[in-house]
Amino acid sequence: MKILWIDDEIELLKPHVIFLENKGYSLDTSNNGIEGVEMFKKNKYSAVLLDENMPGLTGLEVLNLINELDFNIPIIMITKSEEENIMEDAIGNKISDYLIKPVNPNQILLSLKKSISKTQLVSEKTLSNYQQEFRKISNELTDANSYSDWVNLYLKLIYWELQLNNTDESTMQGILISQKTECNTAFGKFIENNYKNWINNTDDKPLLSNRLISERLVKDISPNQKTLFIVIDNLRYDQWKTIEPSILKYYNKILEEPYFSILPTATQYARNSLFSGLMPLDIQKRFPQYWKFDHEEGGKNLYEKELLLENLKNLGLSNLKTEYIKITNLKNGKKLEEDFSSKSENDLIALVYNFVDMLSHSKTEMEMIKELASDDKSYRSLTASWFNNSSLMSVIKQAGDLNYKLIITTDHGTINVKNPTKVIGNKDLSSNLRYKTGRSLSYNEKDVVSFLNPNKIGLPSVSINSPYIFAKDDKFFAYPNNFNHYVSYFKETYQHGGVSMEEIIIPYVVLDPK
């Protein structure tokens with residue numbers, strides 16, 4: 001690696017130069033800023049070592065000139081001065097490091113490694129650490145027999161997925177994807193064996209959609225602080241971890257707790273259950289005017305506000321001044337951004353934001369989105385890019401300024417589907433690609449989690465012989481008619497409704513403004 005060192009006392013630093021050359025660096029030196037800038041114009045360097053206090057052009061002036069030529073070059077400033085304003089000027093110009101003279105050669109070596117080779121060193125260490133962790137994860141998979149085991153395992157997989165995203169090692173990323181697929185296969189069996197017990201009041205069960213408000217939200221609402229409760233539809237746990245750093249610039253995290261979406265992991269079921277505090281079967285019985293079956297015409301989530309207010313009333317919170325807002329398009333998002341400060345009379349604002357759901361469906365329907373979100377890594381990147389420039393982020397900042405407690409969650413996640421499995425049924429068969437309900441269902445039993453009596457898991461039945469089946473792993477249901485076209489259209493799109501860690505294990509996060 002070739003380094004440029006500009007210092008008016010460069011001759012006195014000859015031992016340092018020799019030390020760095022012995023460590024494999026090639027150094028060009030200059031004793032003044034004008035010559036140094038000219039050398040920089042004519043040569044390609046990996047980094048610049050720059051003295052701050054020089055006659056003629058000062059270090060800060062040289063820094064600005066070099067930044068104009070190449071804004072990405074790592075620049076390490078070395079100075080005798082400990083004045084705070086000089087440090088702030090240098091940091092404001094995005095130097096890579098700031099060293100105070102006298103410096104020893106190892107300090108400079110460490111700074112160069114940090115500035116030039118950090119990405120490579122971090123990548124190598126990440127790969128090494130995951131290789132060591134691989135066997136441990138496999139052992140944890142073998143031993144996983146409780147919902148908390150599966151939460152810990154899934155969060156560990158997400159952690160390594162995000163770490164490996166920062167490397168260019170596709171082989172190791174592929175190994176992790178295979179390991180996650182193996183985990184999802186076992187997770188499907190775990191859900192098959194335990195889900196019915198969770199619905200029927202076993203003591204050892206995870207927090208499910210229908211108990212989120214009564215057992216969490218109510219406890220996290222402060223009587224002396226307004227609350228903004230945001231449900232970002234379709235938000236996977238890894239997407240939450242991607243947008244989290246942006247939010248933590250303005251908030252301190254008080255609590256992060258994974259909870260489980262009910263089945264089907266679809267908006268009609270999971271979100272209605274979340275707001276109502278009821279399982280779908282109970283919604284259909286108690287509020288038939290608010291429930292529509294899959295095959296019926298009309299919106300399936302038109303009464304979330306009514307269900308939420310009924311739930312709060314039953315919990316003794318009818319005196320809580322509550323506003324429910326749903327954002328389904330850019331125009332409404334902008335309007336909320338402009339009007340948010342006027343809503344401060346509310347004790348609780350429940351905000352449903354549908355962007356991630358629209359993004360997943362757009363990937364199915366638009367070739368450009370398919371290319372931009374071709375895999376989980378790019379899907380996360382696209383989510384982060386949207387979020388950081390969205391009206392939602394603006395609303396979250398405003399809420400922080402107005403001292404709102406912020407609670408963020410979702411109703412279910414989503415999964416990139418890759419493998420079709422054939423299904424046949426009557427014309428009233430539901431259209432979702434990850435779950436089906438209807439009469440005369442024919443399917444491959446090894447590809448699904450099935451419940452022949454839906455009432456046993458809190459789901460209403462279309463008719464007496466209408467079971468529910470849920471696709472496992474990364475499967476999606478396809479009809480035999482025009483099979484190849486159907487598969488080509490939906491393969492590698494993001495779907496929800498079935499059984500996978502990505503769809504079921506989702507975040508609930510409480511934050512206070514800084």
# chains A, B, ... in the order shown; residues from 1 in each chain; ligands from 1
>>> select_by_dssp(residues="range 153-312 of chain A", states="helix (DSSP H, G or I)", output="NGL selection string")
:A and (153-165 or 170-199 or 209-220 or 237-247 or 267-276 or 280-286 or 288-290 or 304-312)
>>> residues_around(residues="Arg211 in chain A", least_positions_apart="6", cutoff="10 Å", atoms="only C-alpha atoms", output="PyMOL selection string")
chain A and resi 217+259+273-279
>>> closest_residue(among="A:Tyr303, A:Trp240, A:Tyr324, A:Tyr508", to="Leu207 in chain A", atoms="only C-alpha atoms")
A:Tyr508
>>> residues_around(residues="Asp294 in chain A", least_positions_apart="6", cutoff="12 Å", atoms="only C-alpha atoms", output="NGL selection string")
:A and (264 or 266-269 or 300-301 or 427-432 or 435-438 or 459-462 or 466 or 468)
>>> closest_atom_pairs(of="range 199-231 of chain A", to="range 336-359 of chain A", cutoff="8 Å", atoms="only C-alpha atoms", output="JSON lines")
{"residue": "A:Gln225", "atom": "CA", "partner": "A:Asp347", "partner_atom": "CA", "distance": 7.5}
{"residue": "A:Lys226", "atom": "CA", "partner": "A:Asp347", "partner_atom": "CA", "distance": 4.8}
{"residue": "A:Thr227", "atom": "CA", "partner": "A:Leu348", "partner_atom": "CA", "distance": 4.9}
{"residue": "A:Leu228", "atom": "CA", "partner": "A:Ile349", "partner_atom": "CA", "distance": 4.9}
{"residue": "A:Phe229", "atom": "CA", "partner": "A:Ala350", "partner_atom": "CA", "distance": 4.8}
{"residue": "A:Ile230", "atom": "CA", "partner": "A:Leu351", "partner_atom": "CA", "distance": 4.7}
{"residue": "A:Val231", "atom": "CA", "partner": "A:Val352", "partner_atom": "CA", "distance": 4.8}
